[in-house]
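Undergrad: Handing you a structure now.
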Amino acid sequence: MAAVVLLIPVLAAVALWAFAWPAARTAPHDLPLGVAGPATAAAQIQQQLESREGAFEIHRYPDEAAARDAIEDRTVYGAVVATGQGPKLLTASAASPLVAQTLQQAVTRQAGGAEVRSVDVVPTSAADPRGAVLSSSVLPMTLAGIAAGAVVTFLKLRGWRAVAALAGTAVVVGAAAALVAGSWLGAFTEGWWPEAAVLALSTLAVSAAVAGLAALIGTPGIGIGAFVVMMLGNPFSGASSAPEMLPAPVGMIGQWLPPGAGASLLKSVSFFDGAAAAGPAVTLALWSALGLVAVLVGGVGRSARGPEPAPASASASALAG
């Protein structure tokens, strides 16, 4: 009773901290932003932006075309171009609608409230202008992965049977999620297969981690794995904003965990022709590979130890029979 009374409030406090603290501190933190145009005018814009200490990481480009290329390559989230008619803002709402809105407000404020021309270089899908579907897909994939890892553990599947169950479940979940989010809700602009593959890999990374921990240390591994990917990975993912909009080092940690890597990879594949996809893809692949190896190693270890002893009551009943 004491353990329950003490543990539940602690978990609630940790969950509140993990979800509420990053949300309450959402603001640009070294957000990559481009500045382009003639040297003198661009330097003045850069100086104004850098007056917000720690808010922006400025990248200089010679002209608007170079700034557009940097946005499409996901090097920066947007760019301010110095023109003869005043500053021109380039954004990419597909990378983060919240960041695009934040940049619009910041540049308008620096322009003294005057209207600033804005161009959305990489827009979101017309059916999902706020990117709500994409950001909302992180939690279901996390839950599906936790459930798959737990079920495989409770069914006592081991070795390659467990690996096949985890991989098969991830493929089906990815296909179903892509059908709902892409084909039905129209949240993605690229083909169906790339999104399905990303969603499947995101699910597998979580399920393999949960099942792998359980195979190595037993049932408590399910709780540990679920805590890491749900209580930390989900709020630290930056899916609804951007990693650079979260306080340090939350954004960086989130990209090392499956939910954050999955959200970043999904954006790259869906809107940016795979730009900057290598990092999150490697992260998800490592989680998947390490988890599946742990499943195989744990299964071999349990087989070597032999079957688990029967409960005392069952033994007594067998002797009585």
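Letters for chains follow the order of the structure tokens (A, B, ...), residue numbers begin at 1 for each chain, and ligand numbers begin at 1 in the order shown.
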Show me, as CSV, the residues of stretch 50-78 of chain A having an atom within 10 Å of stretch 249-272 of chain A, each with the closest atom pair and its distance in Å, using only C-alpha atoms.
TA:
```
residue,atom,partner,partner_atom,distance
A:Ile71,CA,A:Phe272,CA,9.2
A:Glu72,CA,A:Phe272,CA,6.1
A:Asp73,CA,A:Phe272,CA,7.1
A:Arg74,CA,A:Phe272,CA,7.6
```
Undergrad: Fewer than 4 positions away in the same chain doesn't count, so skip those; otherwise give me all residues within 7 Å of A:Ala205, counting only C-alpha atoms, as a PyMOL selection string.
TA: chain A and resi 201+209+258+284+287-288
Undergrad: Output N, CA and C atoms for every residue in that selection, as a tab-separated table (two decimals), in the first residue's frame.
TA:
```
chain	number	residue	atom	x	y	z
A	201	LEU	N	8.44	1.67	-39.35
A	201	LEU	CA	9.74	1.70	-38.67
A	201	LEU	C	9.62	2.37	-37.31
A	209	ALA	N	12.16	-2.16	-28.67
A	209	ALA	CA	12.79	-1.69	-27.44
A	209	ALA	C	12.08	-2.26	-26.22
A	258	PRO	N	12.58	7.24	-30.24
A	258	PRO	CA	11.78	6.89	-31.42
A	258	PRO	C	10.68	7.89	-31.78
A	284	LEU	N	16.08	5.44	-35.71
A	284	LEU	CA	15.02	4.43	-35.64
A	284	LEU	C	15.57	3.04	-35.95
A	287	TRP	N	17.43	1.73	-32.83
A	287	TRP	CA	16.50	1.26	-31.80
A	287	TRP	C	15.90	-0.08	-32.20
A	288	SER	N	15.51	-0.21	-33.45
A	288	SER	CA	14.91	-1.46	-33.92
A	288	SER	C	15.90	-2.61	-33.85
```
Undergrad: Taking only stretch 82-317 of chain A into account, list the residues labelled strand (DSSP E or B) by DSSP (computed from the backbone), as a ChimeraX atom specification.
TA: /A:82-83,86-91,117-120
Undergrad: For stretch 240-244 of chain A, please output as a PyMOL selection string all residues within 10 Å (counting only C-alpha atoms; exclusion window: fewer than 2 positions along the same chain).
TA: chain A and resi 23+26-32+55-56+77+95-100+130-136+138+235-238+246-255+260+263-264
Undergrad: When you count only C-alpha atoms, which of these residues is closest to A:Ala162: A:Thr219, A:Thr108, A:Ser207, A:Gln85?
TA: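 Smallest distance to A:Ala162 is found for A:Ser207.
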Undergrad: Among stretch 68-313 of chain A, which residues carry a DSSP assignment of alpha helix (DSSP H), reported as a PyMOL selection string?
TA: chain A and resi 68-72+97-110+132-136+138-154+159-178+192-217+220-226+250-256+258-271+278-305+312-313
Undergrad: Choose the residue, out of A:Ala281, A:Val180, A:Val107, A:Gly174, that has the smallest atom-to-atom separation from A:Trp193; count only C-alpha atoms.
TA: A:Gly174
Undergrad: May I ask which of the residues A:Gly159, A:Pro194, A:Pro9, A:Gly145 is the closest one to A:Gly274, counting only C-alpha atoms?
TA: A:Pro194
Undergrad: Pick out the residues sitting within 6 Å of A:Ala94, and hand them over as a ChimeraX atom specification; count only C-alpha atoms, and ignore anything fewer than 3 positions along from it in its own chain.
TA: /A:122-124
Undergrad: Please produce an output containing N, CA, C and O atoms for each residue in the selection, written as a CSV table (one decimal), in the first residue's frame.
TA:
```
chain,number,residue,atom,x,y,z
A,122,VAL,N,7.6,25.6,-48.5
A,122,VAL,CA,7.2,24.2,-48.4
A,122,VAL,C,5.9,24.1,-47.6
A,122,VAL,O,6.0,24.0,-46.3
A,123,PRO,N,4.8,24.2,-48.1
A,123,PRO,CA,3.5,24.3,-47.3
A,123,PRO,C,3.1,22.9,-46.9
A,123,PRO,O,3.5,21.9,-47.4
A,124,THR,N,2.2,22.9,-45.9
A,124,THR,CA,1.6,21.6,-45.5
A,124,THR,C,0.6,21.2,-46.5
A,124,THR,O,0.3,21.9,-47.4
```
Undergrad: Name all residues at most 10 Å from A:Val163 (count only C-alpha atoms; drop same-chain ones fewer than 4 positions away) and give them as a ChimeraX atom specification.
TA: /A:152,157-159,167-169,204,208,211-212,291-293,295-296
